[in-house]
>>> print(open('entry.cif').read())   # mmCIF, C-alpha atoms
data_entry
#
loop_
_atom_site.label_atom_id
_atom_site.label_comp_id
_atom_site.auth_asym_id
_atom_site.auth_seq_id
_atom_site.Cartn_x
_atom_site.Cartn_y
_atom_site.Cartn_z
CA MET A 244 132.39 141.84 97.34
CA ASN A 245 130.08 143.48 99.81
CA LEU A 246 129.81 142.12 103.32
CA GLY A 247 126.69 140.21 104.08
CA LEU A 248 125.11 137.33 105.96
CA THR A 249 128.01 135.20 104.79
CA ILE A 250 129.94 136.50 107.79
CA PHE A 251 127.45 134.90 110.15
CA GLY A 252 127.29 131.71 108.16
CA GLN A 253 131.02 131.41 108.07
CA SER A 254 131.37 132.25 111.77
CA ILE A 255 128.87 129.56 112.74
CA THR A 256 130.59 127.06 110.48
CA PHE A 257 133.94 128.06 111.96
CA PHE A 258 132.84 127.45 115.53
CA ILE A 259 131.20 124.15 114.63
CA PHE A 260 134.36 122.90 112.94
CA VAL A 261 136.59 124.11 115.77
CA TRP A 262 134.31 122.45 118.30
CA PHE A 263 134.30 119.21 116.35
CA CYS A 264 138.08 119.28 116.05
CA MET A 265 138.45 119.98 119.75
CA LYS A 266 136.07 117.17 120.72
CA PHE A 267 136.64 114.40 118.23
CA ILE A 268 139.93 114.94 116.40
CA TRP A 269 142.56 116.48 118.62
CA PRO A 270 142.21 114.42 121.84
CA PRO A 271 142.24 110.93 120.28
CA LEU A 272 145.10 111.79 117.92
CA LEU A 273 147.20 113.33 120.65
CA ALA A 274 146.44 110.54 123.11
CA MET A 275 147.41 107.99 120.52
CA MET A 276 150.62 109.83 119.68
CA GLN A 277 151.52 110.05 123.32
CA GLN A 278 150.78 106.38 123.74
CA ARG A 279 153.07 105.55 120.85
CA GLN A 280 155.73 107.77 122.33
CA GLU A 281 155.52 105.75 125.51
CA THR A 282 155.53 102.48 123.59
CA ILE A 283 158.62 103.54 121.69
CA ALA A 284 160.32 104.71 124.87
CA ALA A 285 159.50 101.40 126.55
CA GLY A 286 160.74 99.52 123.50
CA LEU A 287 163.98 101.45 123.44
CA ALA A 288 164.49 100.86 127.15
CA ALA A 289 163.81 97.15 126.67
CA ALA A 290 166.24 97.03 123.79
CA GLU A 291 168.90 98.73 125.88
CA GLU A 292 168.30 96.32 128.71
CA ALA A 293 168.46 93.37 126.34
CA GLU A 294 171.74 94.69 124.98
CA LEU A 295 173.13 94.94 128.49
CA LYS A 296 171.97 91.42 129.24
CA LEU A 297 173.51 90.19 126.02
CA ALA A 298 176.82 91.83 126.89
CA ASP A 299 176.58 90.27 130.34
CA ALA A 300 175.87 86.86 128.87
CA ALA A 301 178.70 87.25 126.39
CA SER A 302 181.21 88.13 129.08
CA GLY A 303 179.88 85.27 131.24
CA ALA A 304 180.23 82.86 128.37
CA GLU A 305 183.76 84.09 127.76
CA ALA A 306 184.70 83.54 131.38
CA GLU A 307 183.17 80.08 131.32
CA MET A 308 185.00 79.26 128.11
CA ALA A 309 188.27 80.38 129.62
CA GLN A 310 187.60 78.27 132.68
CA ALA A 311 186.70 75.28 130.54
CA LYS A 312 189.88 75.73 128.54
CA GLN A 313 191.91 75.89 131.68
CA GLU A 314 190.22 72.79 133.01
CA ALA A 315 190.86 70.98 129.76
CA ALA A 316 194.50 72.01 129.90
CA THR A 317 194.76 70.77 133.46
CA ILE A 318 193.16 67.46 132.54
CA LEU A 319 195.44 67.15 129.54
CA ASP A 320 198.46 67.86 131.70
CA GLN A 321 197.35 65.32 134.24
CA ALA A 322 196.77 62.75 131.54
CA ARG A 323 200.15 63.44 130.02
CA SER A 324 201.96 63.11 133.34
CA ARG A 325 199.97 59.98 134.13
CA ALA A 326 200.92 58.51 130.78
CA ASN A 327 204.57 59.36 131.37
CA GLN A 328 204.38 57.81 134.77
CA MET A 329 202.80 54.68 133.32
CA ILE A 330 205.47 54.49 130.67
CA GLU A 331 208.17 54.91 133.30
CA GLU A 332 206.56 52.22 135.44
CA ALA A 333 206.27 49.91 132.47
CA LYS A 334 209.89 50.59 131.59
CA GLY A 335 210.96 49.80 135.13
CA GLU A 336 208.95 46.63 135.20
CA ALA A 337 210.33 45.61 131.86
CA ARG A 338 213.87 46.26 133.06
CA VAL A 339 213.30 44.17 136.21
CA GLU A 340 211.67 41.43 134.16
CA GLY A 341 214.51 41.49 131.66
CA GLU A 342 217.03 41.34 134.45
CA ARG A 343 215.17 38.46 135.99
CA ILE A 344 215.11 36.60 132.72
CA VAL A 345 218.79 37.28 132.20
CA GLU A 346 219.48 36.14 135.74
CA GLY A 347 217.51 32.95 135.13
CA ALA A 348 219.35 32.37 131.89
CA ARG A 349 222.65 32.95 133.59
CA ALA A 350 221.79 30.48 136.36
CA GLU A 351 220.71 27.93 133.83
CA ILE A 352 223.92 28.43 131.92
CA ASP A 353 225.97 27.92 135.16
CA GLN A 354 224.01 24.81 135.91
CA GLU A 355 224.59 23.58 132.40
CA ILE A 356 228.31 24.34 132.75
CA ASN A 357 228.47 22.47 136.07
CA ARG A 358 226.58 19.54 134.58
CA ALA A 359 229.00 19.54 131.66
CA LYS A 360 231.90 19.69 134.08
CA GLU A 361 230.49 16.74 136.04
CA THR A 362 230.07 14.74 132.90
CA LEU A 363 233.50 15.77 131.75
CA ARG A 364 234.95 14.82 135.09
CA ALA A 365 233.39 11.41 134.98
CA GLN A 366 234.54 10.85 131.45
CA VAL A 367 238.03 12.17 132.17
CA SER A 368 238.55 9.69 134.93
CA THR A 369 237.43 6.84 132.69
CA LEU A 370 239.56 8.23 129.90
CA VAL A 371 242.63 8.55 132.13
CA ILE A 372 242.17 5.05 133.42
CA THR A 373 241.73 3.72 129.93
CA GLY A 374 244.79 5.65 128.85
CA ALA A 375 246.81 4.45 131.76
CA GLU A 376 245.68 0.90 131.17
CA ARG A 377 246.85 1.26 127.69
CA VAL A 378 250.18 2.57 128.89
CA LEU A 379 250.69 0.06 131.65
CA GLU A 380 248.95 -2.79 129.87
CA SER A 381 246.80 -4.40 132.52
CA SER A 382 248.89 -3.71 135.62
CA VAL A 383 246.42 -1.36 136.97
CA ASP A 384 243.98 -2.55 139.52
CA VAL A 385 240.85 -0.62 138.96
CA SER A 386 239.49 -0.89 142.42
CA ARG A 387 242.81 0.15 143.95
CA HIS A 388 243.42 3.21 141.91
CA ASN A 389 239.87 4.30 141.64
CA ASP A 390 240.06 6.51 144.73
CA MET A 391 243.18 8.20 143.52
CA LEU A 392 241.66 8.79 140.14
CA ASP A 393 238.49 10.20 141.63
CA LYS A 394 240.61 12.64 143.62
CA LEU A 395 242.39 13.59 140.46
CA ALA A 396 239.15 14.03 138.65
CA ALA A 397 237.81 16.23 141.44
CA GLU A 398 240.81 18.47 141.03
CA LEU A 399 239.88 19.14 137.44
CA MET B 264 137.85 143.01 73.35
CA ALA B 265 138.30 145.47 76.21
CA GLY B 266 134.69 145.07 77.21
CA SER B 267 134.79 141.33 77.18
CA THR B 268 138.06 141.32 79.12
CA ALA B 269 136.54 143.50 81.80
CA GLU B 270 133.45 141.30 81.78
CA TYR B 271 135.60 138.20 82.12
CA ILE B 272 137.45 139.59 85.13
CA GLN B 273 134.27 140.96 86.64
CA HIS B 274 132.58 137.61 86.20
CA HIS B 275 135.42 135.83 87.96
CA LEU B 276 135.30 138.22 90.87
CA THR B 277 131.55 138.00 91.43
CA ASN B 278 130.12 135.66 94.00
CA LEU B 279 127.02 133.61 93.53
CA THR B 280 124.84 135.66 95.82
CA TYR B 281 121.47 134.78 97.23
CA GLY B 282 119.60 137.53 99.00
CA GLN B 283 116.84 140.04 99.23
CA HIS B 284 116.39 142.21 96.13
CA PRO B 285 115.63 145.90 96.70
CA ASP B 286 112.00 145.15 95.78
CA GLY B 287 111.71 142.78 98.73
CA THR B 288 111.80 139.45 96.91
CA TRP B 289 114.46 136.82 97.61
CA GLY B 290 116.52 135.25 94.89
CA PHE B 291 119.94 134.90 93.24
CA ALA B 292 121.71 138.01 91.97
CA HIS B 293 122.42 137.84 88.25
CA SER B 294 125.14 140.48 88.22
CA ALA B 295 127.58 142.24 90.51
CA GLN B 296 125.30 145.28 90.54
CA GLU B 297 122.31 143.26 91.64
CA ALA B 298 124.44 141.61 94.31
CA SER B 299 125.65 144.90 95.74
CA ALA B 300 122.11 146.25 95.62
CA MET B 301 121.15 143.49 98.07
CA GLY B 302 123.30 145.07 100.76
CA PHE B 303 123.83 143.12 103.94
CA MET B 304 120.87 140.79 103.48
CA SER B 305 122.72 138.50 101.13
CA ILE B 306 124.71 135.34 101.39
CA ASN B 307 127.47 134.21 99.08
CA VAL B 308 126.35 130.69 98.33
CA ASP B 309 129.54 129.72 96.55
CA SER B 310 131.81 130.96 99.35
CA MET B 311 129.74 129.18 101.96
CA GLY B 312 129.54 126.04 99.85
CA TRP B 313 133.25 125.79 99.18
CA SER B 314 134.20 126.77 102.69
CA ILE B 315 131.90 124.13 104.17
CA ALA B 316 133.07 121.58 101.60
CA THR B 317 136.74 122.16 102.37
CA GLY B 318 135.99 122.23 106.09
CA LEU B 319 134.18 118.91 105.77
CA ILE B 320 137.13 117.45 103.91
CA PHE B 321 139.33 118.50 106.83
CA ILE B 322 136.91 117.16 109.42
CA LEU B 323 136.31 113.86 107.66
CA VAL B 324 139.92 113.13 106.78
CA PHE B 325 141.21 113.99 110.23
CA ARG B 326 138.34 112.23 111.96
CA ARG B 327 139.05 109.14 109.86
CA ALA B 328 142.70 109.35 110.87
CA ALA B 329 141.68 109.72 114.51
CA VAL B 330 139.43 106.68 114.27
CA ILE B 331 141.92 104.38 112.58
CA ALA B 332 144.77 105.81 114.59
CA THR B 333 146.94 103.19 116.18
CA SER B 334 149.86 103.63 118.49
CA GLY B 335 151.56 100.88 116.50
CA VAL B 336 153.00 101.34 113.03
CA PRO B 337 151.04 104.17 111.36
CA GLY B 338 149.72 104.07 107.81
CA GLY B 339 150.11 106.74 105.15
CA LEU B 340 147.07 108.84 106.07
CA GLN B 341 147.87 108.64 109.74
CA ASN B 342 151.46 109.67 109.06
CA ALA B 343 150.38 112.74 107.11
CA VAL B 344 147.77 113.75 109.68
CA GLU B 345 150.15 113.15 112.56
CA MET B 346 152.80 115.26 110.90
CA ILE B 347 150.40 118.22 110.73
CA VAL B 348 149.06 117.64 114.23
CA GLU B 349 152.54 117.38 115.68
CA PHE B 350 153.62 120.51 113.83
CA ILE B 351 150.66 122.48 115.19
CA ASP B 352 151.15 120.99 118.65
CA GLU B 353 154.80 122.05 118.73
CA THR B 354 153.99 125.50 117.39
CA THR B 355 151.26 125.95 119.97
CA GLN B 356 153.42 124.79 122.84
CA SER B 357 156.24 127.10 121.84
CA ILE B 358 153.97 130.18 121.72
CA PHE B 359 151.15 129.44 124.13
CA GLU B 360 152.33 128.53 127.60
CA TYR B 361 148.99 128.51 129.39
CA LYS B 362 146.62 125.64 129.93
CA ASN B 363 143.82 125.77 127.38
CA ASP B 364 142.54 122.77 125.48
CA LEU B 365 140.92 124.95 122.85
CA ILE B 366 144.02 126.63 121.42
CA ALA B 367 145.72 123.73 119.67
CA PRO B 368 142.58 122.31 118.00
CA LEU B 369 141.62 125.86 117.04
CA ALA B 370 145.00 126.41 115.43
CA LEU B 371 144.80 123.05 113.68
CA THR B 372 141.34 123.80 112.32
CA ILE B 373 142.41 127.23 111.10
CA PHE B 374 145.63 126.00 109.56
CA VAL B 375 144.19 123.07 107.64
CA TRP B 376 140.90 124.72 106.74
CA VAL B 377 142.48 127.94 105.47
CA PHE B 378 145.06 125.88 103.63
CA LEU B 379 142.37 123.81 101.91
CA MET B 380 140.33 126.91 101.00
CA ASN B 381 143.46 128.53 99.61
CA LEU B 382 144.35 125.31 97.80
CA MET B 383 141.28 125.75 95.58
CA ASP B 384 143.22 128.64 94.07
CA LEU B 385 145.45 126.14 92.30
CA VAL B 386 142.54 124.72 90.33
CA PRO B 387 142.70 126.45 86.93
CA VAL B 388 140.47 129.52 87.22
CA ASP B 389 138.01 128.57 84.49
CA TRP B 390 137.38 124.91 85.21
CA ILE B 391 134.80 125.04 87.95
CA PRO B 392 133.03 128.29 86.86
CA GLU B 393 132.62 126.89 83.32
CA LEU B 394 131.31 123.58 84.67
CA ALA B 395 128.91 125.52 86.86
CA LYS B 396 127.77 127.48 83.83
CA LEU B 397 126.94 124.18 82.11
CA VAL B 398 124.53 123.26 84.89
CA GLY B 399 123.04 126.73 84.88
CA ILE B 400 124.87 128.47 87.73
CA SER B 401 125.81 131.98 86.62
CA HIS B 402 128.65 132.77 89.02
CA MET B 403 131.06 130.60 90.92
CA LYS B 404 134.02 131.73 92.98
CA VAL B 405 135.80 128.61 94.16
CA VAL B 406 138.36 130.16 96.49
CA ALA B 407 136.41 130.91 99.64
CA SER B 408 139.34 132.78 101.16
CA THR B 409 139.14 135.43 98.40
CA ASP B 410 135.80 136.42 99.88
CA PRO B 411 136.30 139.04 102.62
CA ASN B 412 133.13 137.74 104.27
CA VAL B 413 134.85 134.43 104.91
CA THR B 414 138.20 135.74 106.08
CA MET B 415 136.66 138.49 108.20
CA ALA B 416 134.22 136.02 109.70
CA MET B 417 137.10 133.86 110.85
CA ALA B 418 139.06 136.86 112.07
CA LEU B 419 136.02 138.14 113.99
CA SER B 420 135.45 134.70 115.48
CA VAL B 421 139.03 134.75 116.70
CA PHE B 422 138.39 138.30 117.97
CA VAL B 423 135.41 137.09 119.97
CA LEU B 424 137.65 134.45 121.51
CA ILE B 425 140.29 137.10 122.26
CA LEU B 426 137.69 139.23 124.06
CA TYR B 427 136.27 136.20 125.85
CA TYR B 428 139.61 134.99 127.17
CA SER B 429 140.82 138.52 127.95
CA ILE B 430 137.85 139.10 130.19
CA LYS B 431 137.91 135.56 131.58
CA CYS B 432 141.60 135.65 132.50
CA LYS B 433 142.04 139.27 133.52
CA GLY B 434 138.54 140.05 134.68
CA PHE B 435 136.54 142.81 133.07
CA MET B 436 138.25 145.49 135.12
CA GLY B 437 141.64 143.92 134.52
CA PHE B 438 140.98 144.03 130.81
CA LEU B 439 139.93 147.67 130.98
CA LYS B 440 142.97 148.44 133.10
CA GLU B 441 145.22 146.86 130.52
CA LEU B 442 143.60 148.99 127.83
CA SER B 443 143.94 152.16 129.93
CA PHE B 444 147.32 151.87 131.60
CA HIS B 445 149.36 150.06 129.07
CA PRO B 446 151.93 151.98 127.14
CA PHE B 447 152.15 154.80 129.72
CA PRO B 448 151.34 153.77 133.30
CA SER B 449 149.92 157.10 134.42
CA VAL B 450 146.41 158.27 135.28
CA PHE B 451 146.81 161.28 133.01
CA ALA B 452 147.70 159.12 130.04
CA ILE B 453 144.50 157.11 130.21
CA PRO B 454 142.83 158.68 127.14
CA VAL B 455 145.97 158.30 125.05
CA ASN B 456 146.54 154.78 126.30
CA PHE B 457 142.98 153.80 125.63
CA ILE B 458 143.06 155.10 122.06
CA LEU B 459 146.37 153.39 121.37
CA GLU B 460 145.37 150.09 122.94
CA PHE B 461 141.95 150.14 121.37
CA VAL B 462 143.40 150.63 117.93
CA THR B 463 145.86 147.81 118.62
CA LEU B 464 142.99 145.59 119.70
CA ILE B 465 140.84 146.41 116.66
CA ALA B 466 143.84 146.02 114.37
CA LYS B 467 144.16 142.38 115.37
CA PRO B 468 141.04 140.99 113.65
CA LEU B 469 141.28 143.51 110.81
CA SER B 470 144.86 142.63 109.94
CA LEU B 471 144.18 138.94 110.43
CA GLY B 472 141.21 138.85 108.07
CA LEU B 473 142.40 141.38 105.52
CA ARG B 474 145.89 139.90 105.23
CA LEU B 475 144.51 136.54 104.17
CA PHE B 476 141.88 138.12 101.95
CA GLY B 477 144.38 140.46 100.30
CA ASN B 478 146.93 137.78 99.60
CA MET B 479 144.43 135.33 98.20
CA TYR B 480 142.55 137.97 96.23
CA ALA B 481 145.75 139.21 94.65
CA GLY B 482 146.88 135.70 93.86
CA GLU B 483 143.53 134.86 92.28
CA MET B 484 143.66 138.11 90.30
CA ILE B 485 147.01 137.18 88.84
CA PHE B 486 145.69 133.75 87.85
CA ILE B 487 142.77 135.48 86.11
CA LEU B 488 145.09 137.88 84.30
CA ILE B 489 147.30 135.00 83.21
CA ALA B 490 144.21 133.11 82.06
CA LEU B 491 143.37 136.10 79.83
CA MET B 492 146.59 135.48 77.89
CA PHE B 493 145.35 132.09 76.69
CA GLY B 494 142.96 133.82 74.33
CA ALA B 495 145.57 136.14 72.82
CA GLY B 496 147.32 133.97 70.24
CA ALA B 497 149.70 131.00 70.19
CA ILE B 498 152.77 132.77 71.61
CA PHE B 499 150.80 134.24 74.48
CA PHE B 500 149.17 130.87 75.03
CA VAL B 501 152.55 129.18 75.59
CA PHE B 502 153.83 132.13 77.61
CA GLY B 503 150.68 132.11 79.70
CA GLY B 504 151.04 128.40 80.33
CA VAL B 505 154.60 128.86 81.61
CA LEU B 506 153.52 131.83 83.74
CA GLN B 507 150.59 130.01 85.20
CA TRP B 508 152.79 127.09 86.14
CA ALA B 509 155.40 129.38 87.72
CA TRP B 510 152.79 131.37 89.62
CA ALA B 511 151.11 128.18 90.82
CA VAL B 512 154.41 126.88 92.16
CA PHE B 513 155.00 130.16 93.94
CA HIS B 514 151.43 130.19 95.13
CA VAL B 515 151.85 126.85 96.87
CA LEU B 516 154.23 128.66 99.16
CA ILE B 517 151.87 131.59 99.66
CA ILE B 518 148.80 129.53 100.51
CA THR B 519 150.71 127.46 103.05
CA LEU B 520 152.35 130.52 104.52
CA GLN B 521 149.08 132.43 104.80
CA ALA B 522 147.37 129.50 106.48
CA PHE B 523 150.29 129.22 108.87
CA ILE B 524 150.35 132.97 109.61
CA PHE B 525 146.64 132.98 110.36
CA ALA B 526 147.01 130.04 112.75
CA VAL B 527 150.12 131.37 114.46
CA LEU B 528 148.73 134.89 114.91
CA THR B 529 145.59 133.38 116.40
CA ILE B 530 147.73 131.56 118.94
CA VAL B 531 149.78 134.70 119.63
CA TYR B 532 146.70 136.89 120.11
CA LEU B 533 145.09 134.35 122.43
CA ALA B 534 148.34 134.02 124.37
CA GLN B 535 148.28 137.80 124.83
CA ALA B 536 144.69 137.53 125.98
CA HIS B 537 145.78 135.05 128.66
CA GLU B 538 148.63 137.25 129.87
CA THR B 539 147.78 138.49 133.35
CA ASP B 540 151.00 139.75 134.92
CA GLU B 541 151.93 143.36 134.45
CA HIS B 542 155.25 144.28 132.93
#
>>> encode(input="entry.cif", output="structure tokens")
Amino acid sequence: MNLGLTIFGQSITFFIFVWFCMKFIWPPLLAMMQQRQETIAAGLAAAEEAELKLADAASGAEAEMAQAKQEAATILDQARSRANQMIEEAKGEARVEGERIVEGARAEIDQEINRAKETLRAQVSTLVITGAERVLESSVDVSRHNDMLDKLAAEL
Amino acid sequence: MAGSTAEYIQHHLTNLTYGQHPDGTWGFAHSAQEASAMGFMSINVDSMGWSIATGLIFILVFRRAAVIATSGVPGGLQNAVEMIVEFIDETTQSIFEYKNDLIAPLALTIFVWVFLMNLMDLVPVDWIPELAKLVGISHMKVVASTDPNVTMAMALSVFVLILYYSIKCKGFMGFLKELSFHPFPSVFAIPVNFILEFVTLIAKPLSLGLRLFGNMYAGEMIFILIALMFGAGAIFFVFGGVLQWAWAVFHVLIITLQAFIFAVLTIVYLAQAHETDEH
């Protein structure tokens, strides 16, 4: 346990190890750790930025969606009103067409009635003459009474 | 039994010493008496060997970590090394506020090296000495920090650095002035001041080296005493086993703490050496 040359040996060893540590161990390790610190800081900053951008994009997308929805609603509304309008127009046209057809039918019916009346008139006069002939038994001169009978028939 | 017990303890506390015998020849000492007869011209081969071996382990492992170090995702070794380096870096920055690239690596070297030397204390006390005996080596003390030569050498090295930086930062006269005018700033108090400050200065390396030596020596002694119980019957064997385990667990704390204290005090002393302003 006595002191000896070991003190010198150990002191020399000590300084060699400290020197080695100071030259070849501490600087690279610390530089590397600092570098990583910077890398991590940069990464965190980038992540934060990305998050902000994402939030931005999300809000932008939301706004666009809302706008698109509104546009769709507008288009739908327009389409609906256009459809209603078309239906109304079609209804109107149909009504006019129907009225026209009815009018035509009515005119045809009047014509038919008139034609029937004419025919009836003609036949009535013949019938009256025939009847009168029957009553008077030949004393009727057709050519003489024809005018009178025509007048009578026209009164019908 | 008493004789062999004393011999056993004595054997465990004797270094493998190479030196100059009183008759002038050089060789290994074969007993503690022969070793002490060598006086100063002797070197403890085992202390030097284990201290260099543990120092090399530190250097190689940390150098390897520094070489493979990446600022990307670190591996296991790098993680462990970085943890220690960061710990020392933070400790240094919190105590030492001056610019000196030596302090942190110095503290790291001291912390890890002393820790590794102390760690050898946890190897069961008989393993390595008995193995050494098998290959013909008579004595083998594996814990370098139980050798006052080793601890005092480190403390004195730190002391040299303290003196160097004191004189470098304060100037030789500044350093003398600090020693002369410090507790009592009066011309008449110079002798008293000088004695007080000188004792304080000398106490730094002495306390530094002897604290580590004392703690480790005492711890080793207890391991040796516990080891003695193994030969004293079955009950003592079991009891000794439990004790050894308990003491080893406790000792883990001590060896780390002592390494840390040595490193921190080194930083504190060197910070004091850099202090230039009067207060």
>>> closest_atom_pairs(input="entry.cif", of="chain A", to="chain B", cutoff="12 Å", atoms="only C-alpha atoms", output="JSON lines")
{"residue": "A:Met244", "atom": "CA", "partner": "B:Asp410", "partner_atom": "CA", "distance": 6.9}
{"residue": "A:Asn245", "atom": "CA", "partner": "B:Ser299", "partner_atom": "CA", "distance": 6.2}
{"residue": "A:Leu246", "atom": "CA", "partner": "B:Asn412", "partner_atom": "CA", "distance": 5.6}
{"residue": "A:Gly247", "atom": "CA", "partner": "B:Phe303", "partner_atom": "CA", "distance": 4.1}
{"residue": "A:Leu248", "atom": "CA", "partner": "B:Ile306", "partner_atom": "CA", "distance": 5.0}
{"residue": "A:Thr249", "atom": "CA", "partner": "B:Ile306", "partner_atom": "CA", "distance": 4.7}
{"residue": "A:Ile250", "atom": "CA", "partner": "B:Ala416", "partner_atom": "CA", "distance": 4.7}
{"residue": "A:Phe251", "atom": "CA", "partner": "B:Ala416", "partner_atom": "CA", "distance": 6.9}
{"residue": "A:Gly252", "atom": "CA", "partner": "B:Met311", "partner_atom": "CA", "distance": 7.1}
{"residue": "A:Gln253", "atom": "CA", "partner": "B:Val413", "partner_atom": "CA", "distance": 5.8}
{"residue": "A:Ser254", "atom": "CA", "partner": "B:Ala416", "partner_atom": "CA", "distance": 5.2}
{"residue": "A:Ile255", "atom": "CA", "partner": "B:Ser420", "partner_atom": "CA", "distance": 8.8}
{"residue": "A:Thr256", "atom": "CA", "partner": "B:Ile315", "partner_atom": "CA", "distance": 7.1}
{"residue": "A:Phe257", "atom": "CA", "partner": "B:Met417", "partner_atom": "CA", "distance": 6.7}
{"residue": "A:Phe258", "atom": "CA", "partner": "B:Ser420", "partner_atom": "CA", "distance": 7.7}
{"residue": "A:Ile259", "atom": "CA", "partner": "B:Gly318", "partner_atom": "CA", "distance": 10.0}
{"residue": "A:Phe260", "atom": "CA", "partner": "B:Thr372", "partner_atom": "CA", "distance": 7.1}
{"residue": "A:Val261", "atom": "CA", "partner": "B:Leu369", "partner_atom": "CA", "distance": 5.5}
{"residue": "A:Trp262", "atom": "CA", "partner": "B:Leu369", "partner_atom": "CA", "distance": 8.2}
{"residue": "A:Phe263", "atom": "CA", "partner": "B:Ile322", "partner_atom": "CA", "distance": 7.7}
{"residue": "A:Cys264", "atom": "CA", "partner": "B:Pro368", "partner_atom": "CA", "distance": 5.8}
{"residue": "A:Met265", "atom": "CA", "partner": "B:Pro368", "partner_atom": "CA", "distance": 5.1}
{"residue": "A:Lys266", "atom": "CA", "partner": "B:Pro368", "partner_atom": "CA", "distance": 8.7}
{"residue": "A:Phe267", "atom": "CA", "partner": "B:Arg326", "partner_atom": "CA", "distance": 6.8}
{"residue": "A:Ile268", "atom": "CA", "partner": "B:Arg326", "partner_atom": "CA", "distance": 5.4}
{"residue": "A:Trp269", "atom": "CA", "partner": "B:Pro368", "partner_atom": "CA", "distance": 5.9}
{"residue": "A:Pro270", "atom": "CA", "partner": "B:Ala329", "partner_atom": "CA", "distance": 8.7}
{"residue": "A:Pro271", "atom": "CA", "partner": "B:Ala329", "partner_atom": "CA", "distance": 5.9}
{"residue": "A:Leu272", "atom": "CA", "partner": "B:Ala329", "partner_atom": "CA", "distance": 5.3}
{"residue": "A:Leu273", "atom": "CA", "partner": "B:Val348", "partner_atom": "CA", "distance": 8.0}
{"residue": "A:Ala274", "atom": "CA", "partner": "B:Ser334", "partner_atom": "CA", "distance": 9.0}
{"residue": "A:Met275", "atom": "CA", "partner": "B:Ser334", "partner_atom": "CA", "distance": 5.4}
{"residue": "A:Met276", "atom": "CA", "partner": "B:Ser334", "partner_atom": "CA", "distance": 6.4}
{"residue": "A:Gln277", "atom": "CA", "partner": "B:Ser334", "partner_atom": "CA", "distance": 8.2}
{"residue": "A:Gln278", "atom": "CA", "partner": "B:Ser334", "partner_atom": "CA", "distance": 6.0}
{"residue": "A:Arg279", "atom": "CA", "partner": "B:Ser334", "partner_atom": "CA", "distance": 4.4}
{"residue": "A:Gln280", "atom": "CA", "partner": "B:Ser334", "partner_atom": "CA", "distance": 8.1}
{"residue": "A:Glu281", "atom": "CA", "partner": "B:Ser334", "partner_atom": "CA", "distance": 9.3}
{"residue": "A:Thr282", "atom": "CA", "partner": "B:Ser334", "partner_atom": "CA", "distance": 7.7}
{"residue": "A:Ile283", "atom": "CA", "partner": "B:Gly335", "partner_atom": "CA", "distance": 9.2}
{"residue": "A:Gly286", "atom": "CA", "partner": "B:Gly335", "partner_atom": "CA", "distance": 11.6}
>>> write_last_selection(input="entry.cif", atoms="C-alpha atoms", output="short mmCIF file (atom, residue, chain, number, x, y, z; two decimals), in the frame of the given file")
data_model
loop_
_atom_site.label_atom_id
_atom_site.label_comp_id
_atom_site.auth_asym_id
_atom_site.auth_seq_id
_atom_site.Cartn_x
_atom_site.Cartn_y
_atom_site.Cartn_z
CA MET A 244 132.39 141.84 97.34
CA ASN A 245 130.08 143.48 99.81
CA LEU A 246 129.81 142.12 103.32
CA GLY A 247 126.69 140.21 104.08
CA LEU A 248 125.11 137.33 105.96
CA THR A 249 128.01 135.20 104.79
CA ILE A 250 129.94 136.50 107.79
CA PHE A 251 127.45 134.90 110.15
CA GLY A 252 127.29 131.71 108.16
CA GLN A 253 131.02 131.41 108.07
CA SER A 254 131.37 132.25 111.77
CA ILE A 255 128.87 129.56 112.74
CA THR A 256 130.59 127.06 110.48
CA PHE A 257 133.94 128.06 111.96
CA PHE A 258 132.84 127.45 115.53
CA ILE A 259 131.20 124.15 114.63
CA PHE A 260 134.36 122.90 112.94
CA VAL A 261 136.59 124.11 115.77
CA TRP A 262 134.31 122.45 118.30
CA PHE A 263 134.30 119.21 116.35
CA CYS A 264 138.08 119.28 116.05
CA MET A 265 138.45 119.98 119.75
CA LYS A 266 136.07 117.17 120.72
CA PHE A 267 136.64 114.40 118.23
CA ILE A 268 139.93 114.94 116.40
CA TRP A 269 142.56 116.48 118.62
CA PRO A 270 142.21 114.42 121.84
CA PRO A 271 142.24 110.93 120.28
CA LEU A 272 145.10 111.79 117.92
CA LEU A 273 147.20 113.33 120.65
CA ALA A 274 146.44 110.54 123.11
CA MET A 275 147.41 107.99 120.52
CA MET A 276 150.62 109.83 119.68
CA GLN A 277 151.52 110.05 123.32
CA GLN A 278 150.78 106.38 123.74
CA ARG A 279 153.07 105.55 120.85
CA GLN A 280 155.73 107.77 122.33
CA GLU A 281 155.52 105.75 125.51
CA THR A 282 155.53 102.48 123.59
CA ILE A 283 158.62 103.54 121.69
CA GLY A 286 160.74 99.52 123.50
#
>>> resolve_selection(input="entry.cif", expression="the PyMOL selection byres ((chain B and resi 534) around 8)", output="PyMOL selection string")
chain B and resi 358-361+530-533+535-538
>>> closest_residue(input="entry.cif", among="B:Phe493, B:Val501, B:Phe525, B:Val512", to="Leu469 in chain B", atoms="all atoms listed in the file")
B:Phe525
>>> closest_residue(input="entry.cif", among="B:Thr317, B:Gln283, B:Thr355, B:Ser449", to="Val377 in chain B", atoms="only C-alpha atoms")
B:Thr317
>>> resolve_selection(input="entry.cif", expression="the PyMOL selection byres ((chain A and resi 371) around 12)", output="list in words")
Leu363, Arg364, Ala365, Gln366, Val367, Ser368, Thr369, Leu370, Ile372, Thr373, Gly374, Ala375, Glu376, Arg377, Val378, Leu379, Val383, Val385, His388, Asn389, Met391, Leu392, Asp393, Leu395 and Ala396 of chain A
